[in-house]
$ cat target-v2.cif   # mmCIF, C-alpha atoms
data_work
#
loop_
_atom_site.label_atom_id
_atom_site.label_comp_id
_atom_site.auth_asym_id
_atom_site.auth_seq_id
_atom_site.Cartn_x
_atom_site.Cartn_y
_atom_site.Cartn_z
CA MET A 1390 -122.70 -18.50 -44.82
CA GLU A 1391 -123.48 -15.38 -46.87
CA LEU A 1392 -121.01 -12.73 -48.07
CA VAL A 1393 -122.06 -9.08 -48.42
CA GLU A 1394 -119.97 -6.03 -49.33
CA ILE A 1395 -120.30 -2.88 -47.20
CA ASP A 1396 -118.34 0.37 -47.34
CA TRP A 1397 -116.40 0.88 -44.09
CA ARG A 1398 -117.93 4.37 -43.78
CA ALA A 1399 -121.50 3.06 -43.93
CA PRO A 1400 -123.68 3.64 -40.83
CA LEU A 1401 -122.91 1.17 -38.07
CA GLU A 1402 -126.47 -0.15 -38.36
CA ALA A 1403 -125.60 -1.46 -41.84
CA PHE A 1404 -123.39 -4.05 -40.14
CA ASP A 1405 -126.02 -5.29 -37.70
CA GLY A 1406 -126.62 -9.01 -37.98
CA LEU A 1407 -123.15 -9.77 -39.28
CA ALA A 1408 -121.06 -12.25 -37.34
CA LEU A 1409 -117.71 -11.29 -38.87
CA VAL A 1410 -116.26 -8.44 -40.92
CA LEU A 1411 -113.32 -9.25 -43.20
CA LEU A 1412 -111.35 -6.19 -44.29
CA GLY A 1413 -111.22 -5.90 -48.05
CA THR A 1414 -110.13 -3.03 -50.26
CA ALA A 1415 -110.14 -0.13 -47.80
CA TRP A 1416 -107.44 1.56 -49.83
CA ASP A 1417 -107.98 5.02 -48.38
CA TYR A 1418 -107.37 4.07 -44.75
CA GLN A 1419 -103.84 5.48 -44.83
CA ASP A 1420 -105.23 9.01 -45.20
CA HIS A 1421 -107.79 8.53 -42.42
CA PRO A 1422 -106.14 6.07 -40.01
CA GLU A 1423 -107.81 7.17 -36.78
CA GLU A 1424 -111.26 7.29 -38.36
CA PHE A 1425 -110.70 3.83 -39.83
CA LEU A 1426 -109.45 2.38 -36.55
CA ALA A 1427 -112.34 3.95 -34.63
CA ARG A 1428 -114.79 2.28 -36.99
CA LEU A 1429 -113.18 -1.14 -36.53
CA GLU A 1430 -113.24 -0.73 -32.75
CA ALA A 1431 -116.89 0.34 -32.90
CA LEU A 1432 -117.77 -2.77 -34.88
CA GLN A 1433 -115.95 -4.96 -32.38
CA GLY A 1434 -117.80 -3.15 -29.59
CA ARG A 1435 -121.08 -4.20 -31.20
CA GLY A 1436 -120.08 -7.84 -30.86
CA ILE A 1437 -118.92 -8.29 -34.46
CA GLN A 1438 -115.64 -10.10 -35.02
CA VAL A 1439 -113.25 -8.07 -37.16
CA CYS A 1440 -110.44 -9.74 -39.11
CA ASN A 1441 -107.84 -8.79 -38.63
CA ARG A 1442 -108.61 -7.56 -35.14
CA PRO A 1443 -108.49 -3.79 -34.46
CA GLU A 1444 -105.49 -4.13 -32.15
CA ILE A 1445 -103.60 -5.91 -34.95
CA VAL A 1446 -104.56 -3.21 -37.44
CA ARG A 1447 -103.53 -0.43 -35.05
CA TRP A 1448 -100.12 -2.05 -34.47
CA ASN A 1449 -99.64 -2.71 -38.19
CA ALA A 1450 -100.79 0.69 -39.51
CA ASP A 1451 -97.51 2.51 -38.75
CA LYS A 1452 -94.50 0.81 -40.31
CA GLY A 1453 -92.52 1.79 -37.25
CA TYR A 1454 -93.45 -1.76 -36.20
CA LEU A 1455 -90.37 -2.83 -38.17
CA ARG A 1456 -88.20 -1.59 -35.31
CA GLU A 1457 -90.09 -3.82 -32.85
CA LEU A 1458 -89.73 -6.86 -35.10
CA GLU A 1459 -86.02 -6.19 -35.50
CA GLU A 1460 -85.64 -6.04 -31.73
CA ALA A 1461 -87.45 -9.40 -31.57
CA GLY A 1462 -84.84 -10.95 -33.84
CA ALA A 1463 -86.35 -10.59 -37.33
CA THR A 1464 -84.06 -9.52 -40.17
CA ILE A 1465 -85.35 -6.29 -41.71
CA VAL A 1466 -84.17 -3.96 -44.46
CA PRO A 1467 -82.06 -1.32 -42.64
CA THR A 1468 -84.44 1.53 -41.79
CA ALA A 1469 -84.30 5.06 -40.38
CA TYR A 1470 -87.53 6.50 -38.96
CA TYR A 1471 -88.69 10.12 -39.10
CA MET A 1472 -91.69 12.20 -38.09
CA ASP A 1473 -90.94 14.00 -41.38
CA ALA A 1474 -87.90 14.09 -43.66
CA ASP A 1475 -86.17 16.75 -45.73
CA ALA A 1476 -83.38 16.81 -48.28
CA GLY A 1477 -80.76 16.85 -45.54
CA ASP A 1478 -82.19 13.68 -44.04
CA VAL A 1479 -81.97 11.95 -47.41
CA GLY A 1480 -78.28 12.78 -47.69
CA ALA A 1481 -77.64 11.76 -44.09
CA ALA A 1482 -79.38 8.41 -44.66
CA MET A 1483 -77.19 7.73 -47.70
CA ASP A 1484 -74.14 8.32 -45.53
CA MET A 1485 -75.52 6.22 -42.68
CA PHE A 1486 -76.36 3.27 -44.94
CA ASP A 1487 -73.27 3.80 -47.13
CA THR A 1488 -75.42 3.58 -50.26
CA PRO A 1489 -75.81 5.72 -53.39
CA SER A 1490 -79.59 5.31 -53.51
CA VAL A 1491 -82.44 5.31 -50.96
CA VAL A 1492 -86.21 4.95 -50.93
CA VAL A 1493 -88.44 7.20 -48.80
CA LYS A 1494 -91.81 5.73 -47.80
CA ARG A 1495 -94.76 6.84 -45.71
CA ARG A 1496 -94.94 5.05 -42.38
CA ILE A 1497 -98.72 4.96 -42.80
CA GLY A 1498 -99.16 4.19 -46.45
CA ALA A 1499 -100.02 1.55 -49.01
CA GLY A 1500 -99.62 0.69 -52.67
CA GLY A 1501 -96.33 2.48 -53.20
CA LEU A 1502 -98.11 5.85 -53.22
CA ASP A 1503 -96.15 8.93 -52.07
CA GLN A 1504 -92.93 6.94 -52.35
CA PHE A 1505 -89.68 8.46 -53.59
CA ARG A 1506 -86.39 7.04 -54.77
CA PHE A 1507 -83.36 9.32 -54.62
CA ALA A 1508 -79.79 8.75 -55.76
CA ALA A 1509 -76.49 10.55 -55.40
CA ASP A 1510 -76.96 11.97 -58.90
CA ALA A 1511 -80.69 12.64 -58.46
CA MET A 1512 -81.15 14.26 -55.06
CA PRO A 1513 -84.31 16.06 -53.90
CA GLU A 1514 -84.60 19.80 -54.32
CA PRO A 1515 -83.18 21.71 -51.31
CA ASP A 1516 -86.68 22.71 -50.11
CA TRP A 1517 -88.15 19.19 -50.50
CA ARG A 1518 -90.05 17.70 -47.57
CA MET A 1519 -91.86 14.38 -47.32
CA GLY A 1520 -94.79 15.90 -45.41
CA HIS A 1521 -95.66 12.67 -43.57
CA ARG A 1522 -94.25 10.39 -40.90
CA CYS A 1523 -91.84 8.38 -42.98
CA MET A 1524 -88.91 6.03 -43.14
CA ILE A 1525 -85.84 5.86 -45.33
CA GLN A 1526 -84.30 2.58 -46.50
CA PRO A 1527 -81.37 1.80 -48.78
CA PHE A 1528 -82.49 0.84 -52.26
CA LEU A 1529 -81.75 -2.86 -52.76
CA PRO A 1530 -80.60 -3.68 -56.32
CA SER A 1531 -82.08 -7.16 -55.86
CA VAL A 1532 -85.57 -5.65 -56.10
CA THR A 1533 -85.07 -4.92 -59.79
CA GLU A 1534 -82.59 -7.73 -60.52
CA GLU A 1535 -84.31 -10.56 -58.69
CA GLY A 1536 -87.70 -9.30 -57.52
CA GLU A 1537 -89.56 -9.00 -54.24
CA TYR A 1538 -90.73 -12.13 -52.45
CA THR A 1539 -94.11 -12.48 -50.79
CA PHE A 1540 -95.07 -15.17 -48.33
CA LEU A 1541 -98.78 -15.62 -47.53
CA PHE A 1542 -99.79 -17.01 -44.13
CA ILE A 1543 -103.29 -18.03 -43.03
CA ASP A 1544 -103.76 -18.56 -39.29
CA GLY A 1545 -99.99 -18.50 -38.93
CA ALA A 1546 -99.46 -21.34 -41.43
CA PHE A 1547 -97.67 -20.80 -44.75
CA SER A 1548 -100.10 -20.86 -47.67
CA HIS A 1549 -98.15 -19.96 -50.82
CA GLY A 1550 -95.38 -17.80 -52.22
CA VAL A 1551 -95.27 -15.13 -54.91
CA LEU A 1552 -92.39 -13.51 -56.77
CA LYS A 1553 -93.18 -9.91 -57.73
CA ARG A 1554 -91.19 -8.23 -60.49
CA ALA A 1555 -90.99 -4.61 -61.58
CA ALA A 1556 -91.49 -3.43 -65.14
CA GLU A 1557 -88.46 -2.46 -67.19
CA GLY A 1558 -87.08 0.85 -65.95
CA GLU A 1559 -89.21 0.80 -62.80
CA TYR A 1560 -88.43 -0.32 -59.24
CA ARG A 1561 -91.94 -0.44 -57.78
CA ILE A 1562 -93.49 -3.88 -58.14
CA GLN A 1563 -97.17 -2.90 -57.87
CA SER A 1564 -99.36 -3.54 -60.93
CA LEU A 1565 -100.18 0.18 -60.93
CA TYR A 1566 -96.61 0.72 -62.16
CA GLY A 1567 -96.51 -2.23 -64.53
CA GLY A 1568 -95.36 -4.85 -62.03
CA TYR A 1569 -96.31 -8.49 -62.42
CA GLU A 1570 -96.33 -11.68 -60.33
CA THR A 1571 -95.47 -15.34 -60.72
CA GLY A 1572 -95.78 -18.32 -58.42
CA TYR A 1573 -92.82 -19.01 -56.17
CA THR A 1574 -91.80 -22.07 -54.20
CA PRO A 1575 -89.43 -20.85 -51.48
CA SER A 1576 -86.32 -22.70 -50.43
CA ALA A 1577 -86.30 -24.14 -46.93
CA ASP A 1578 -83.99 -21.35 -45.75
CA ASP A 1579 -86.11 -18.56 -47.23
CA LEU A 1580 -89.31 -20.00 -45.78
CA THR A 1581 -87.68 -20.32 -42.36
CA THR A 1582 -86.69 -16.63 -42.54
CA ALA A 1583 -90.28 -15.62 -43.32
CA GLN A 1584 -91.68 -17.88 -40.62
CA ALA A 1585 -89.35 -16.23 -38.11
CA VAL A 1586 -91.03 -12.90 -38.86
CA VAL A 1587 -94.49 -14.34 -38.16
CA ALA A 1588 -93.18 -15.91 -34.96
CA ALA A 1589 -91.83 -12.50 -33.87
CA LEU A 1590 -95.23 -10.79 -34.14
CA PRO A 1591 -96.24 -9.51 -30.66
CA LEU A 1592 -99.83 -10.62 -31.30
CA PRO A 1593 -101.86 -13.81 -31.71
CA ALA A 1594 -101.64 -15.23 -35.22
CA PRO A 1595 -103.79 -13.07 -37.50
CA LEU A 1596 -106.28 -14.63 -39.89
CA TYR A 1597 -104.14 -13.46 -42.79
CA CYS A 1598 -100.65 -12.06 -43.01
CA ARG A 1599 -98.49 -11.15 -46.00
CA ILE A 1600 -94.73 -11.03 -45.47
CA ASP A 1601 -92.89 -9.02 -48.16
CA MET A 1602 -89.14 -9.54 -48.35
CA ALA A 1603 -86.16 -8.68 -50.53
CA ARG A 1604 -82.66 -10.09 -50.65
CA LEU A 1605 -79.80 -8.22 -49.01
CA PRO A 1606 -76.35 -8.11 -50.64
CA SER A 1607 -75.40 -10.81 -48.12
CA GLY A 1608 -77.90 -13.19 -49.75
CA GLU A 1609 -80.25 -13.22 -46.77
CA LEU A 1610 -83.89 -12.26 -47.16
CA ALA A 1611 -84.93 -9.19 -45.17
CA LEU A 1612 -88.37 -7.96 -44.23
CA MET A 1613 -89.69 -4.97 -46.15
CA GLU A 1614 -93.23 -4.99 -44.76
CA ALA A 1615 -95.59 -7.30 -42.85
CA GLU A 1616 -99.07 -6.55 -44.19
CA MET A 1617 -102.03 -7.42 -41.95
CA ILE A 1618 -104.62 -4.75 -42.75
CA GLU A 1619 -106.07 -5.43 -46.19
CA PRO A 1620 -103.30 -6.92 -48.33
CA TYR A 1621 -103.93 -8.54 -51.67
CA LEU A 1622 -103.45 -12.26 -51.06
CA TYR A 1623 -102.67 -13.38 -54.64
CA PRO A 1624 -105.26 -16.13 -55.06
CA GLU A 1625 -104.08 -16.75 -58.63
CA GLN A 1626 -100.82 -18.15 -57.25
CA GLY A 1627 -102.55 -19.96 -54.37
CA PRO A 1628 -105.44 -22.07 -55.67
CA GLU A 1629 -106.17 -23.44 -52.20
CA LEU A 1630 -106.32 -19.98 -50.62
CA GLY A 1631 -110.12 -19.70 -50.69
CA GLU A 1632 -110.60 -22.92 -48.79
CA LYS A 1633 -107.94 -21.99 -46.25
CA VAL A 1634 -109.49 -18.58 -45.58
CA ALA A 1635 -112.98 -20.09 -45.34
CA ASP A 1636 -111.75 -22.64 -42.80
CA ALA A 1637 -110.09 -19.86 -40.77
CA ILE A 1638 -113.30 -17.83 -40.80
CA LEU A 1639 -115.40 -20.80 -39.73
CA LYS A 1640 -112.94 -21.45 -36.93
CA ARG A 1641 -113.45 -17.89 -35.67
CA LEU A 1642 -117.20 -18.09 -35.96
CA GLY A 1643 -117.02 -21.07 -33.66
CA SER A 1644 -114.89 -19.22 -31.10
CA ASP A 1645 -114.48 -15.62 -29.95
CA LYS A 1646 -110.93 -16.20 -28.74
CA ASN A 1647 -109.09 -15.91 -32.06
CA GLY A 1648 -107.94 -12.71 -33.79
#

$ encode --input "target-v2.cif" --output "structure tokens"
Amino acid sequence: MELVEIDWRAPLEAFDGLALVLLGTAWDYQDHPEEFLARLEALQGRGIQVCNRPEIVRWNADKGYLRELEEAGATIVPTAYYMDADAGDVGAAMDMFDTPSVVVKRRIGAGGLDQFRFAADAMPEPDWRMGHRCMIQPFLPSVTEEGEYTFLFIDGAFSHGVLKRAAEGEYRIQSLYGGYETGYTPSADDLTTAQAVVAALPLPAPLYCRIDMARLPSGELALMEAEMIEPYLYPEQGPELGEKVADAILKRLGSDKNG
């Protein structure tokens, strides 16, 4: 089995002869979602397996999927959804969630980019607009006090856990903002909560899935995002990850029924 790296915008002919395409660091897909999805569907139409499958990527691209998972019984961070948001929406969300601080995120976005945190004493300017489909969530103090928990699943089975911490004075946990990670062995209750999210997915088990969660004031973990497009899988904290992914790929190469 040979591994080659190809830009997703390369001519379709560049992919000829490949049995499977594994999405990697397509970090600009959020600004070109339809073009990206069309390319994945075109590859699948040429008989190439795509992991994760285009229908999974399409469902997962807009974080409005959180509403569907909540309706299926998963515990999520309370969320309000908007086609766009302005300063009035930020204030209304604070009232709705009864919180002094909220985070505004793009519904199609990645890496914490174009994300805003507002507080009662640091509100947006009156003419502020998000400019994208977005969602507003209450800021959870546990993100800075305790960290954000990540659960990695391969073929629906738990692989390993990661605790992600923000740098001093920051709330975003991405390394771009000084965040860092450590290994994490979840309690039985926390793992069960994450597994319930995977079980609620309205799709066959994806090859890889990253469940990001934070703790509510009640003590229960709540889903922040379920990443199935091209998430970083933290191999440093999961030394057996490579073998697990390879086994999952080989399983798919032996069958065209898995996603």

$ residues_around --input "target-v2.cif" --residues "His1521 in chain A" --least-positions-apart "4" --cutoff "12 Å" --atoms "all atoms listed in the file" --output "NGL selection string"
:A and (1419-1420 or 1451 or 1470-1475 or 1493-1498 or 1503-1504)

$ atom_distance --input "target-v2.cif" --atom1 "CA of Ile1437 in chain A" --atom2 "CA of Leu1622 in chain A"
23.0 Å

$ atom_distance --input "target-v2.cif" --atom1 "CA of Glu1570 in chain A" --atom2 "CA of Leu1552 in chain A"
5.6 Å

$ atom_distance --input "target-v2.cif" --atom1 "CA of Gly1462 in chain A" --atom2 "CA of Ala1589 in chain A"
7.2 Å

$ closest_residue --input "target-v2.cif" --among "A:Ala1469, A:Val1439, A:Leu1432, A:Leu1541" --to "Phe1486 in chain A" --atoms "only C-alpha atoms"
A:Ala1469

$ closest_residue --input "target-v2.cif" --among "A:Arg1561, A:Ala1408, A:Ser1607, A:Ala1588" --to "Ile1638 in chain A" --atoms "all atoms listed in the file"
A:Ala1408

$ resolve_selection --input "target-v2.cif" --expression "the PyMOL selection byres ((chain A and resi 1542-1545) around 8)" --output "PyMOL selection string"
chain A and resi 1540-1541+1546-1549+1587+1594-1600+1633-1634+1637

$ closest_residue --input "target-v2.cif" --among "A:Ala1427, A:Met1519, A:Tyr1573, A:Met1512" --to "Gly1480 in chain A" --atoms "all atoms listed in the file"
A:Met1512

$ closest_residue --input "target-v2.cif" --among "A:Pro1606, A:Gly1627, A:Pro1591, A:Gly1436" --to "Gly1550 in chain A" --atoms "only C-alpha atoms"
A:Gly1627

$ axis_aligned_box --input "target-v2.cif" --around "range 1458-1467 of chain A" --padding-each-side "5 Å" --output "AutoDock Vina command-line options"
--center_x -85.9 --center_y -6.1 --center_z -38.0 --size_x 17.7 --size_y 19.6 --size_z 22.9

$ closest_residue --input "target-v2.cif" --among "A:Ala1611, A:Ala1603, A:Ile1618, A:Ala1482" --to "Trp1416 in chain A" --atoms "only C-alpha atoms"
A:Ile1618

$ closest_residue --input "target-v2.cif" --among "A:Ala1555, A:Asn1441, A:Glu1402, A:His1421" --to "Pro1593 in chain A" --atoms "only C-alpha atoms"
A:Asn1441

$ residues_around --input "target-v2.cif" --residues "Pro1489 in chain A" --least-positions-apart "2" --cutoff "9 Å" --atoms "all atoms listed in the file" --output "PyMOL selection string"
chain A and resi 1483-1484+1486-1487+1491+1507-1510+1527-1528

$ resolve_selection --input "target-v2.cif" --expression "the PyMOL selection byres ((chain A and resi 1433) around 12)" --output "JSON, numbers by chain"
{"A": [1401, 1404, 1405, 1407, 1408, 1409, 1410, 1411, 1426, 1427, 1428, 1429, 1430, 1431, 1432, 1434, 1435, 1436, 1437, 1438, 1439, 1440, 1441, 1442, 1443, 1444, 1645, 1648]}

$ resolve_selection --input "target-v2.cif" --expression "the PyMOL selection byres ((chain A and resi 1582) around 12)" --output "JSON, numbers by chain"
{"A": [1462, 1463, 1464, 1465, 1538, 1539, 1540, 1547, 1575, 1576, 1577, 1578, 1579, 1580, 1581, 1583, 1584, 1585, 1586, 1587, 1588, 1589, 1600, 1601, 1602, 1603, 1604, 1608, 1609, 1610, 1611, 1612]}

$ residues_around --input "target-v2.cif" --residues "Glu1619 in chain A" --least-positions-apart "6" --cutoff "7 Å" --atoms "all atoms listed in the file" --output "PyMOL selection string"
chain A and resi 1412-1415

$ decode --input "target-v2.cif" --residues "range 1407-1430 of chain A" --atoms "N, CA and C atoms" --output "PDB file, in the first residue's frame"
ATOM      1  N   LEU A1407      -5.957   5.600  -7.812  1.00  0.00           N
ATOM      2  CA  LEU A1407      -6.028   5.504  -6.356  1.00  0.00           C
ATOM      3  C   LEU A1407      -7.265   4.719  -5.954  1.00  0.00           C
ATOM      4  N   ALA A1408      -7.111   3.893  -4.944  1.00  0.00           N
ATOM      5  CA  ALA A1408      -8.256   3.123  -4.448  1.00  0.00           C
ATOM      6  C   ALA A1408      -9.026   3.892  -3.383  1.00  0.00           C
ATOM      7  N   LEU A1409      -8.322   4.745  -2.633  1.00  0.00           N
ATOM      8  CA  LEU A1409      -8.963   5.438  -1.515  1.00  0.00           C
ATOM      9  C   LEU A1409      -8.289   6.782  -1.302  1.00  0.00           C
ATOM     10  N   VAL A1410      -9.096   7.797  -1.035  1.00  0.00           N
ATOM     11  CA  VAL A1410      -8.602   9.131  -0.690  1.00  0.00           C
ATOM     12  C   VAL A1410      -8.953   9.406   0.766  1.00  0.00           C
ATOM     13  N   LEU A1411      -7.940   9.717   1.559  1.00  0.00           N
ATOM     14  CA  LEU A1411      -8.126  10.059   2.971  1.00  0.00           C
ATOM     15  C   LEU A1411      -7.946  11.563   3.110  1.00  0.00           C
ATOM     16  N   LEU A1412      -8.967  12.259   3.592  1.00  0.00           N
ATOM     17  CA  LEU A1412      -8.873  13.708   3.726  1.00  0.00           C
ATOM     18  C   LEU A1412      -7.797  14.054   4.757  1.00  0.00           C
ATOM     19  N   GLY A1413      -6.995  15.057   4.406  1.00  0.00           N
ATOM     20  CA  GLY A1413      -5.898  15.431   5.283  1.00  0.00           C
ATOM     21  C   GLY A1413      -6.052  16.840   5.803  1.00  0.00           C
ATOM     22  N   THR A1414      -5.215  17.742   5.349  1.00  0.00           N
ATOM     23  CA  THR A1414      -5.212  19.114   5.876  1.00  0.00           C
ATOM     24  C   THR A1414      -5.823  20.070   4.863  1.00  0.00           C
ATOM     25  N   ALA A1415      -7.079  19.842   4.539  1.00  0.00           N
ATOM     26  CA  ALA A1415      -7.803  20.740   3.616  1.00  0.00           C
ATOM     27  C   ALA A1415      -8.369  21.907   4.401  1.00  0.00           C
ATOM     28  N   TRP A1416      -7.481  22.734   4.943  1.00  0.00           N
ATOM     29  CA  TRP A1416      -7.898  23.725   5.932  1.00  0.00           C
ATOM     30  C   TRP A1416      -8.591  24.936   5.336  1.00  0.00           C
ATOM     31  N   ASP A1417      -8.753  24.973   4.022  1.00  0.00           N
ATOM     32  CA  ASP A1417      -9.479  26.099   3.428  1.00  0.00           C
ATOM     33  C   ASP A1417     -10.877  25.707   2.966  1.00  0.00           C
ATOM     34  N   TYR A1418     -11.306  24.491   3.285  1.00  0.00           N
ATOM     35  CA  TYR A1418     -12.610  24.029   2.797  1.00  0.00           C
ATOM     36  C   TYR A1418     -13.750  24.903   3.303  1.00  0.00           C
ATOM     37  N   GLN A1419     -13.599  25.481   4.505  1.00  0.00           N
ATOM     38  CA  GLN A1419     -14.701  26.250   5.081  1.00  0.00           C
ATOM     39  C   GLN A1419     -15.028  27.495   4.268  1.00  0.00           C
ATOM     40  N   ASP A1420     -14.083  27.979   3.474  1.00  0.00           N
ATOM     41  CA  ASP A1420     -14.341  29.147   2.632  1.00  0.00           C
ATOM     42  C   ASP A1420     -14.814  28.767   1.233  1.00  0.00           C
ATOM     43  N   HIS A1421     -14.758  27.476   0.918  1.00  0.00           N
ATOM     44  CA  HIS A1421     -15.178  26.986  -0.394  1.00  0.00           C
ATOM     45  C   HIS A1421     -15.922  25.660  -0.233  1.00  0.00           C
ATOM     46  N   PRO A1422     -16.954  25.621   0.615  1.00  0.00           N
ATOM     47  CA  PRO A1422     -17.563  24.327   0.957  1.00  0.00           C
ATOM     48  C   PRO A1422     -18.193  23.612  -0.222  1.00  0.00           C
ATOM     49  N   GLU A1423     -18.889  24.307  -1.090  1.00  0.00           N
ATOM     50  CA  GLU A1423     -19.554  23.624  -2.196  1.00  0.00           C
ATOM     51  C   GLU A1423     -18.536  23.106  -3.211  1.00  0.00           C
ATOM     52  N   GLU A1424     -17.497  23.885  -3.458  1.00  0.00           N
ATOM     53  CA  GLU A1424     -16.438  23.422  -4.362  1.00  0.00           C
ATOM     54  C   GLU A1424     -15.757  22.181  -3.795  1.00  0.00           C
ATOM     55  N   PHE A1425     -15.498  22.196  -2.496  1.00  0.00           N
ATOM     56  CA  PHE A1425     -14.852  21.064  -1.844  1.00  0.00           C
ATOM     57  C   PHE A1425     -15.737  19.829  -1.902  1.00  0.00           C
ATOM     58  N   LEU A1426     -17.013  19.984  -1.589  1.00  0.00           N
ATOM     59  CA  LEU A1426     -17.935  18.859  -1.600  1.00  0.00           C
ATOM     60  C   LEU A1426     -18.108  18.309  -3.020  1.00  0.00           C
ATOM     61  N   ALA A1427     -18.163  19.201  -3.995  1.00  0.00           N
ATOM     62  CA  ALA A1427     -18.293  18.750  -5.386  1.00  0.00           C
ATOM     63  C   ALA A1427     -17.090  17.916  -5.792  1.00  0.00           C
ATOM     64  N   ARG A1428     -15.898  18.309  -5.325  1.00  0.00           N
ATOM     65  CA  ARG A1428     -14.713  17.524  -5.660  1.00  0.00           C
ATOM     66  C   ARG A1428     -14.768  16.134  -5.025  1.00  0.00           C
ATOM     67  N   LEU A1429     -15.192  16.048  -3.772  1.00  0.00           N
ATOM     68  CA  LEU A1429     -15.281  14.741  -3.119  1.00  0.00           C
ATOM     69  C   LEU A1429     -16.296  13.849  -3.833  1.00  0.00           C
ATOM     70  N   GLU A1430     -17.431  14.434  -4.224  1.00  0.00           N
ATOM     71  CA  GLU A1430     -18.450  13.655  -4.928  1.00  0.00           C
ATOM     72  C   GLU A1430     -17.957  13.216  -6.301  1.00  0.00           C
TER      73      GLU A1430
END
